[in-house]
$ cat my_file04.txt   # compact mmCIF, C-alpha atoms
# COMPACT_ATOMS: atom_id res chain seq x y z
CA MET A 543 73.23 79.68 73.76
CA ASP A 544 72.16 82.30 71.25
CA VAL A 545 71.74 85.45 73.36
CA LEU A 546 70.09 88.65 72.14
CA VAL A 547 71.64 91.72 73.82
CA SER A 548 70.38 95.30 73.69
CA GLY A 549 72.77 98.02 74.80
CA ALA A 550 75.63 95.75 73.73
CA THR A 551 78.06 98.62 73.14
CA GLY A 552 77.65 100.19 76.58
CA LEU A 553 79.87 99.69 79.63
CA ILE A 554 78.05 96.58 80.85
CA GLY A 555 76.91 95.34 77.45
CA SER A 556 80.37 95.28 75.89
CA ALA A 557 81.86 93.40 78.87
CA LEU A 558 78.94 90.95 78.86
CA SER A 559 79.24 90.32 75.12
CA SER A 560 82.94 89.52 75.46
CA GLU A 561 82.30 87.16 78.37
CA LEU A 562 79.50 85.33 76.55
CA THR A 563 81.55 85.02 73.36
CA ASP A 564 84.57 83.74 75.28
CA GLY A 565 82.27 81.17 76.89
CA GLY A 566 81.26 79.79 73.49
CA HIS A 567 77.90 81.55 73.21
CA ARG A 568 76.63 83.52 70.23
CA VAL A 569 75.74 87.16 70.84
CA ILE A 570 73.17 88.86 68.61
CA GLN A 571 73.06 92.61 69.08
CA LEU A 572 70.04 94.88 68.89
CA SER A 573 71.08 98.18 67.34
CA ARG A 574 69.45 101.41 66.20
CA SER A 575 72.09 101.66 63.45
CA GLN A 576 72.18 99.89 60.13
CA PRO A 577 73.29 96.27 60.77
CA SER A 578 76.92 95.59 59.92
CA SER A 579 76.70 91.80 60.24
CA GLU A 580 74.19 88.96 60.40
CA ASP A 581 74.56 89.03 64.18
CA THR A 582 73.08 92.52 64.38
CA ILE A 583 69.33 93.22 64.30
CA ARG A 584 68.02 96.73 63.80
CA TRP A 585 65.24 98.10 65.99
CA ASP A 586 63.63 101.44 66.73
CA PRO A 587 61.65 101.53 69.99
CA ASP A 588 60.35 105.04 69.25
CA ARG A 589 58.60 103.69 66.16
CA SER A 590 57.78 100.27 67.67
CA SER A 591 59.94 98.74 64.95
CA LEU A 592 61.44 95.28 65.45
CA ASP A 593 61.37 92.35 63.01
CA ALA A 594 60.00 89.49 65.12
CA SER A 595 61.04 86.86 62.56
CA ARG A 596 64.71 87.62 63.28
CA LEU A 597 64.20 86.65 66.94
CA GLU A 598 62.77 83.16 66.41
CA GLY A 599 64.94 80.50 68.03
CA ILE A 600 66.93 82.82 70.28
CA ASP A 601 67.60 81.13 73.63
CA ALA A 602 67.73 84.17 75.92
CA VAL A 603 67.50 87.96 75.99
CA VAL A 604 69.50 90.52 77.96
CA HIS A 605 68.00 94.01 77.82
CA LEU A 606 70.32 96.84 78.90
CA ALA A 607 69.45 99.68 76.51
CA GLY A 608 68.16 103.04 77.68
CA GLU A 609 68.99 106.74 77.85
CA ILE A 610 72.11 107.33 79.94
CA ILE A 611 71.02 108.37 83.44
CA PHE A 612 73.95 110.70 84.04
CA SER A 613 77.04 111.29 81.94
CA GLY A 614 78.75 114.12 83.83
CA PRO A 615 78.39 117.45 85.62
CA THR A 616 76.87 119.19 82.58
CA ASP A 617 74.21 116.48 82.15
CA ARG A 618 71.36 118.07 84.17
CA TRP A 619 67.99 116.41 84.65
CA THR A 620 65.92 118.83 82.61
CA THR A 621 62.28 118.02 81.88
CA GLU A 622 63.30 116.74 78.44
CA LYS A 623 66.17 114.63 79.83
CA LYS A 624 63.84 113.03 82.38
CA ARG A 625 61.30 112.29 79.65
CA ARG A 626 63.98 110.52 77.60
CA ILE A 627 65.17 108.52 80.60
CA MET A 628 61.65 107.28 81.34
CA GLU A 629 60.38 106.77 77.80
CA SER A 630 63.49 104.99 76.52
CA ARG A 631 63.10 102.35 79.21
CA LYS A 632 59.35 101.91 78.98
CA LYS A 633 59.18 101.82 75.18
CA GLY A 634 62.24 99.66 74.61
CA THR A 635 61.38 97.12 77.30
CA ARG A 636 57.72 96.82 76.31
CA LEU A 637 58.53 96.46 72.59
CA LEU A 638 61.05 93.72 73.29
CA ALA A 639 58.79 91.95 75.82
CA GLU A 640 55.76 92.03 73.54
CA THR A 641 57.79 90.84 70.56
CA ILE A 642 59.32 87.81 72.25
CA ALA A 643 55.98 86.99 73.92
CA GLY A 644 54.44 86.60 70.47
CA LEU A 645 57.09 84.30 69.01
CA SER A 646 56.28 80.72 68.09
CA ASP A 647 59.64 79.71 69.57
CA PRO A 648 60.24 82.25 72.37
CA PRO A 649 63.38 82.48 74.50
CA LYS A 650 63.32 80.75 77.86
CA ALA A 651 64.69 83.70 79.82
CA MET A 652 64.79 87.49 79.72
CA VAL A 653 67.15 89.47 81.93
CA SER A 654 65.88 93.05 81.87
CA ALA A 655 67.99 95.56 83.77
CA SER A 656 66.83 97.77 86.61
CA ALA A 657 68.75 99.72 89.25
CA VAL A 658 69.30 100.29 92.95
CA GLY A 659 67.46 103.58 92.44
CA TYR A 660 64.24 101.53 92.74
CA TYR A 661 64.49 101.90 96.51
CA GLY A 662 65.01 105.65 96.83
CA ASP A 663 66.53 106.86 100.10
CA HIS A 664 66.18 104.27 102.89
CA GLY A 665 68.79 105.41 105.39
CA ASN A 666 70.40 102.51 107.28
CA GLU A 667 67.64 100.00 106.48
CA LEU A 668 68.92 96.72 105.04
CA LEU A 669 67.14 96.32 101.71
CA THR A 670 66.21 92.88 100.39
CA GLU A 671 64.30 92.48 97.14
CA ASP A 672 61.03 92.76 99.12
CA ALA A 673 61.75 96.32 100.33
CA ALA A 674 59.35 99.08 99.32
CA MET A 675 59.87 101.17 96.22
CA GLY A 676 60.99 104.75 96.76
CA SER A 677 59.00 107.85 95.83
CA ASP A 678 61.49 109.92 93.81
CA PHE A 679 61.89 110.19 90.04
CA LEU A 680 64.48 107.43 89.68
CA ALA A 681 62.41 105.02 91.76
CA GLY A 682 59.46 105.69 89.48
CA VAL A 683 61.61 105.03 86.43
CA CYS A 684 62.75 101.68 87.82
CA GLY A 685 59.19 100.68 88.72
CA GLU A 686 57.91 101.46 85.20
CA TRP A 687 61.00 99.82 83.67
CA GLU A 688 60.36 96.54 85.44
CA ALA A 689 56.60 96.61 84.80
CA ALA A 690 57.19 97.08 81.06
CA ALA A 691 58.48 93.50 80.89
CA ASP A 692 55.09 92.10 81.99
CA PRO A 693 54.11 90.84 78.50
CA ALA A 694 57.06 88.43 78.54
CA ARG A 695 56.23 87.32 82.08
CA GLU A 696 52.58 86.74 81.19
CA ALA A 697 53.66 84.60 78.22
CA GLY A 698 55.52 82.24 80.58
CA ILE A 699 59.03 83.53 79.91
CA ARG A 700 61.23 83.63 83.01
CA VAL A 701 62.09 87.29 83.63
CA ALA A 702 64.75 88.58 86.04
CA HIS A 703 65.42 92.22 86.91
CA PRO A 704 68.95 92.83 88.20
CA ARG A 705 68.70 95.97 90.36
CA ILE A 706 72.24 97.10 89.70
CA GLY A 707 74.14 99.16 92.26
CA LEU A 708 77.12 101.48 91.84
CA VAL A 709 79.11 99.73 89.10
CA LEU A 710 82.87 99.92 89.51
CA SER A 711 84.96 99.97 86.35
CA PRO A 712 87.95 102.09 85.36
CA LYS A 713 86.41 102.37 81.88
CA GLY A 714 83.41 104.42 82.96
CA GLY A 715 80.64 104.90 85.49
CA ALA A 716 81.22 106.52 88.86
CA LEU A 717 84.70 105.08 89.38
CA GLY A 718 85.97 105.96 85.93
CA ALA A 719 84.60 109.50 86.20
CA THR A 720 86.12 110.24 89.62
CA LEU A 721 89.49 108.51 89.26
CA PRO A 722 91.32 111.58 87.90
CA ILE A 723 90.15 113.64 90.88
CA PHE A 724 91.19 111.02 93.43
CA LYS A 725 94.52 110.40 91.72
CA LEU A 726 95.29 114.09 92.20
CA GLY A 727 94.50 113.78 95.91
CA LEU A 728 91.48 116.06 95.56
CA GLY A 729 88.79 113.53 96.48
CA GLY A 730 86.74 113.28 99.64
CA LYS A 731 83.45 112.15 101.12
CA ILE A 732 80.21 113.45 99.63
CA GLY A 733 77.57 114.98 101.85
CA SER A 734 77.53 113.62 105.40
CA GLY A 735 79.40 110.50 104.29
CA ARG A 736 76.90 108.38 106.25
CA GLN A 737 74.79 107.39 103.23
CA TYR A 738 75.25 103.80 102.06
CA TRP A 739 76.51 103.07 98.57
CA SER A 740 75.76 99.58 97.27
CA TRP A 741 78.80 99.16 95.05
CA VAL A 742 79.58 96.19 92.80
CA ALA A 743 82.57 95.32 90.61
CA ILE A 744 81.68 95.08 86.93
CA ASP A 745 83.01 91.49 86.96
CA ASP A 746 80.20 90.59 89.35
CA VAL A 747 77.58 92.46 87.33
CA ILE A 748 78.49 90.25 84.38
CA GLY A 749 78.63 87.19 86.62
CA VAL A 750 75.15 87.89 88.00
CA ILE A 751 73.63 88.43 84.55
CA ILE A 752 75.01 85.09 83.33
CA HIS A 753 73.89 83.45 86.59
CA SER A 754 70.40 84.85 85.97
CA LEU A 755 70.40 83.53 82.40
CA THR A 756 71.45 80.01 83.33
CA ASN A 757 69.88 79.45 86.76
CA GLU A 758 66.20 78.58 86.34
CA THR A 759 65.40 79.51 89.94
CA VAL A 760 66.28 83.19 89.40
CA SER A 761 63.33 85.44 88.56
CA GLY A 762 61.88 88.79 89.55
CA PRO A 763 64.01 91.48 91.18
CA VAL A 764 67.63 90.60 91.99
CA ASN A 765 69.78 92.92 94.12
CA VAL A 766 73.15 93.31 92.41
CA GLY A 767 75.46 94.82 94.98
CA SER A 768 78.31 93.48 97.07
CA PRO A 769 77.28 91.74 100.30
CA ASN A 770 79.40 94.43 101.99
CA PRO A 771 77.93 97.85 101.09
CA LEU A 772 79.82 100.80 102.55
CA THR A 773 79.04 104.35 103.50
CA SER A 774 80.29 107.13 101.27
CA ALA A 775 82.96 107.97 103.84
CA GLU A 776 84.13 104.35 104.06
CA TYR A 777 84.19 103.99 100.28
CA THR A 778 86.24 107.18 99.93
CA LYS A 779 88.73 106.06 102.56
CA VAL A 780 89.31 102.69 100.89
CA LEU A 781 89.70 104.24 97.43
CA GLY A 782 92.22 106.76 98.77
CA SER A 783 94.15 103.98 100.48
CA VAL A 784 94.33 101.87 97.30
CA LEU A 785 95.50 104.90 95.30
CA ASN A 786 97.81 106.02 98.12
CA ARG A 787 96.29 109.48 98.01
CA PRO A 788 94.70 111.71 100.68
CA THR A 789 90.91 112.14 100.68
CA VAL A 790 90.52 115.37 102.62
CA PHE A 791 88.43 117.47 100.23
CA PRO A 792 84.75 116.78 101.01
CA LEU A 793 81.86 117.81 98.78
CA PRO A 794 79.09 119.15 101.07
CA ALA A 795 75.51 118.25 100.18
CA PRO A 796 74.51 121.86 99.31
CA ALA A 797 77.47 122.14 96.93
CA ALA A 798 76.59 118.80 95.31
CA ARG A 799 73.01 119.97 94.78
CA LEU A 800 74.19 123.29 93.36
CA MET A 801 76.49 121.51 90.90
CA LEU A 802 74.22 118.66 89.86
CA GLY A 803 70.66 119.54 90.84
CA GLU A 804 68.24 116.64 91.38
CA VAL A 805 70.89 114.15 90.28
CA ALA A 806 72.84 114.76 93.50
CA ASP A 807 70.03 113.57 95.75
CA ALA A 808 69.16 110.56 93.61
CA LEU A 809 72.64 109.23 92.84
CA LEU A 810 75.06 110.57 95.47
CA LEU A 811 73.19 111.52 98.65
CA ALA A 812 70.51 108.81 98.78
CA SER A 813 71.32 105.90 101.10
CA GLN A 814 70.67 102.39 99.76
CA ARG A 815 72.04 99.51 101.79
CA MET A 816 71.20 96.54 99.57
CA GLU A 817 71.49 92.93 100.60
CA PRO A 818 71.85 90.47 97.68
CA ALA A 819 69.43 88.05 99.33
CA LYS A 820 68.25 86.30 96.17
CA LEU A 821 71.81 85.77 94.95
CA LYS A 822 72.69 84.15 98.28
CA GLU A 823 69.63 81.91 98.03
CA THR A 824 70.47 80.80 94.49
CA GLY A 825 74.13 80.10 95.14
CA TYR A 826 75.92 82.99 93.45
CA GLU A 827 79.41 83.58 94.87
CA PHE A 828 80.78 87.09 94.47
CA ARG A 829 84.18 87.28 92.84
CA TYR A 830 84.95 90.54 94.66
CA PRO A 831 82.91 90.86 97.87
CA GLU A 832 85.28 93.37 99.52
CA LEU A 833 85.90 96.86 98.15
CA GLU A 834 89.68 96.88 98.57
CA GLY A 835 90.10 93.62 96.66
CA ALA A 836 87.74 94.84 93.94
CA LEU A 837 89.59 98.13 93.50
CA ARG A 838 93.02 96.52 93.47
CA HIS A 839 91.82 94.11 90.78
CA LEU A 840 90.17 96.82 88.68
CA LEU A 841 93.01 99.34 89.02
CA GLY A 842 95.90 96.87 88.88
CA LYS A 843 97.18 97.91 92.32

$ encode --input "my_file04.txt" --output "structure tokens"
Amino acid sequence: MDVLVSGATGLIGSALSSELTDGGHRVIQLSRSQPSSEDTIRWDPDRSSLDASRLEGIDAVVHLAGEIIFSGPTDRWTTEKKRRIMESRKKGTRLLAETIAGLSDPPKAMVSASAVGYYGDHGNELLTEDAAMGSDFLAGVCGEWEAAADPAREAGIRVAHPRIGLVLSPKGGALGATLPIFKLGLGGKIGSGRQYWSWVAIDDVIGVIIHSLTNETVSGPVNVGSPNPLTSAEYTKVLGSVLNRPTVFPLPAPAARLMLGEVADALLLASQRMEPAKLKETGYEFRYPELEGALRHLLGK
């Protein structure tokens, strides 16, 4: 397949591009920078700029690009930051969806990312893809993000939205950012520890995206989280065990909110117990369904 990928240099995009290339597929990158090869296409969502003629004949699209949700403790959700998070997803997704919808030879499938944040805080409720959308900022972003792909859907292109959970990778994301703390034995549960975290190894994120590209029965929202989500306290305990380090330094909810503001409630304290129902129905088998096995694989333990 010839696969167009936006966000190809990010944590997920770079791993996906390598996997597709190793599998014999051709990856064409969308980039805001000046193209460095014939397999790079320049675009500018802010200016609605994308050369449609370069997309003719592409077999599938994976759309991952968007403003980084949270890059670290100094990355507060200011009004401007929230605007960039929302607008980058709406503008980029709609431009790409409208462009491929108007092609004479459109791709058969579009996998356009979303996130577990769609659900907001649902306590202990088991969340299938039919669960209600949350009411906080991040839920609104995910709702608008998914809706922006409607032009492709309406043109008859099969569109899937992987609602990606807490991605585990030593190269970045939540695991990469907290590893130094836990390796020093300074980690601990966050908040009450009772909130569910729907974690997923990056290997399975890539596996699900490729499954969504190649399986014609996959469309609409797709929960991308291990079939065994854990509470914050359980997650912390397993990570400490794998690292052979104590986890006795908790981060109380008020302290988390003081440090991170609104981000704390949306990303750390909200409880989202996802069930990957659609993946079970369509025959996807998780490579790392248990947290301990996933961490030992990712960390070489």

$ atom_distance --input "my_file04.txt" --atom1 "atom CA of Tyr830 of chain A" --atom2 "atom CA of Leu562 of chain A"
19.6 Å

$ residues_near_point --input "my_file04.txt" --point "(67.6, 102.5, 71.9)" --cutoff "10 Å" --atoms "all atoms listed in the file" --output "PyMOL selection string"
chain A and resi 548-549+572-575+584-588+606-609+630-631+633-635

$ write_last_selection --input "my_file04.txt" --atoms "C-alpha atoms" --output "mmCIF file, keeping the file's coordinate frame"
data_model
loop_
_atom_site.group_PDB
_atom_site.id
_atom_site.type_symbol
_atom_site.label_atom_id
_atom_site.label_comp_id
_atom_site.auth_asym_id
_atom_site.auth_seq_id
_atom_site.Cartn_x
_atom_site.Cartn_y
_atom_site.Cartn_z
ATOM 1 C CA SER A 548 70.380 95.300 73.690
ATOM 2 C CA GLY A 549 72.770 98.020 74.800
ATOM 3 C CA LEU A 572 70.040 94.880 68.890
ATOM 4 C CA SER A 573 71.080 98.180 67.340
ATOM 5 C CA ARG A 574 69.450 101.410 66.200
ATOM 6 C CA SER A 575 72.090 101.660 63.450
ATOM 7 C CA ARG A 584 68.020 96.730 63.800
ATOM 8 C CA TRP A 585 65.240 98.100 65.990
ATOM 9 C CA ASP A 586 63.630 101.440 66.730
ATOM 10 C CA PRO A 587 61.650 101.530 69.990
ATOM 11 C CA ASP A 588 60.350 105.040 69.250
ATOM 12 C CA LEU A 606 70.320 96.840 78.900
ATOM 13 C CA ALA A 607 69.450 99.680 76.510
ATOM 14 C CA GLY A 608 68.160 103.040 77.680
ATOM 15 C CA GLU A 609 68.990 106.740 77.850
ATOM 16 C CA SER A 630 63.490 104.990 76.520
ATOM 17 C CA ARG A 631 63.100 102.350 79.210
ATOM 18 C CA LYS A 633 59.180 101.820 75.180
ATOM 19 C CA GLY A 634 62.240 99.660 74.610
ATOM 20 C CA THR A 635 61.380 97.120 77.300
#

$ closest_residue --input "my_file04.txt" --among "A:Val760, A:Leu793, A:Leu708, A:Met801" --to "Trp739 of chain A" --atoms "all atoms listed in the file"
A:Leu708

$ closest_residue --input "my_file04.txt" --among "A:Gly714, A:Pro792, A:Pro818, A:Gly767" --to "Ala557 of chain A" --atoms "only C-alpha atoms"
A:Gly714

$ residues_around --input "my_file04.txt" --residues "Glu580 of chain A" --least-positions-apart "3" --cutoff "9 Å" --atoms "all atoms listed in the file" --output "list in words"
Ile570, Pro577 and Ile583 of chain A

$ closest_residue --input "my_file04.txt" --among "A:Ala681, A:Val784, A:Ala673, A:Leu637" --to "Arg838 of chain A" --atoms "all atoms listed in the file"
A:Val784

$ closest_residue --input "my_file04.txt" --among "A:Met652, A:His753, A:Pro763, A:Lys623" --to "Gly685 of chain A" --atoms "only C-alpha atoms"
A:Pro763

$ residues_around --input "my_file04.txt" --residues "Asp692 of chain A" --least-positions-apart "3" --cutoff "10 Å" --atoms "only C-alpha atoms" --output "number ranges by chain"
A: 635-636, 639-640, 643, 687-689, 695-699, 701

$ closest_residue --input "my_file04.txt" --among "A:Ala690, A:Val653, A:Met628, A:Met675" --to "Val750 of chain A" --atoms "all atoms listed in the file"
A:Val653

$ closest_residue --input "my_file04.txt" --among "A:Thr773, A:Thr759, A:Val764, A:Val658" --to "Gly735 of chain A" --atoms "only C-alpha atoms"
A:Thr773

$ atom_distance --input "my_file04.txt" --atom1 "atom CA of Leu669 of chain A" --atom2 "atom CA of Gly825 of chain A"
18.8 Å

$ atom_distance --input "my_file04.txt" --atom1 "atom CA of Lys843 of chain A" --atom2 "atom CA of Gln814 of chain A"
27.9 Å

$ residues_around --input "my_file04.txt" --residues "segment 617-621 of chain A" --least-positions-apart "2" --cutoff "8 Å" --atoms "all atoms listed in the file" --output "list in words"
Phe612, Ser613, Gly614, Pro615, Lys623, Lys624, Arg625, Leu802, Gly803, Glu804 and Val805 of chain A

$ residues_around --input "my_file04.txt" --residues "Arg700 of chain A" --least-positions-apart "5" --cutoff "8 Å" --atoms "all atoms listed in the file" --output "compact mmCIF listing (two decimals) with C-alpha atoms, in the frame of the given file"
# COMPACT_ATOMS: atom_id res chain seq x y z
CA LYS A 650 63.32 80.75 77.86
CA ALA A 651 64.69 83.70 79.82
CA MET A 652 64.79 87.49 79.72
CA ALA A 694 57.06 88.43 78.54
CA ARG A 695 56.23 87.32 82.08
CA GLU A 758 66.20 78.58 86.34
CA SER A 761 63.33 85.44 88.56

$ residues_around --input "my_file04.txt" --residues "segment 720-728 of chain A" --least-positions-apart "5" --cutoff "10 Å" --atoms "only C-alpha atoms" --output "JSON list (two decimals) with C-alpha atoms, in the frame of the given file"
[["chain", "number", "residue", "atom", "x", "y", "z"],
["A", 712, "PRO", "CA", 87.95, 102.09, 85.36],
["A", 714, "GLY", "CA", 83.41, 104.42, 82.96],
["A", 715, "GLY", "CA", 80.64, 104.90, 85.49],
["A", 778, "THR", "CA", 86.24, 107.18, 99.93],
["A", 781, "LEU", "CA", 89.70, 104.24, 97.43],
["A", 782, "GLY", "CA", 92.22, 106.76, 98.77],
["A", 785, "LEU", "CA", 95.50, 104.90, 95.30],
["A", 786, "ASN", "CA", 97.81, 106.02, 98.12],
["A", 787, "ARG", "CA", 96.29, 109.48, 98.01],
["A", 788, "PRO", "CA", 94.70, 111.71, 100.68],
["A", 789, "THR", "CA", 90.91, 112.14, 100.68],
["A", 790, "VAL", "CA", 90.52, 115.37, 102.62],
["A", 791, "PHE", "CA", 88.43, 117.47, 100.23],
["A", 792, "PRO", "CA", 84.75, 116.78, 101.01],
["A", 841, "LEU", "CA", 93.01, 99.34, 89.02]]
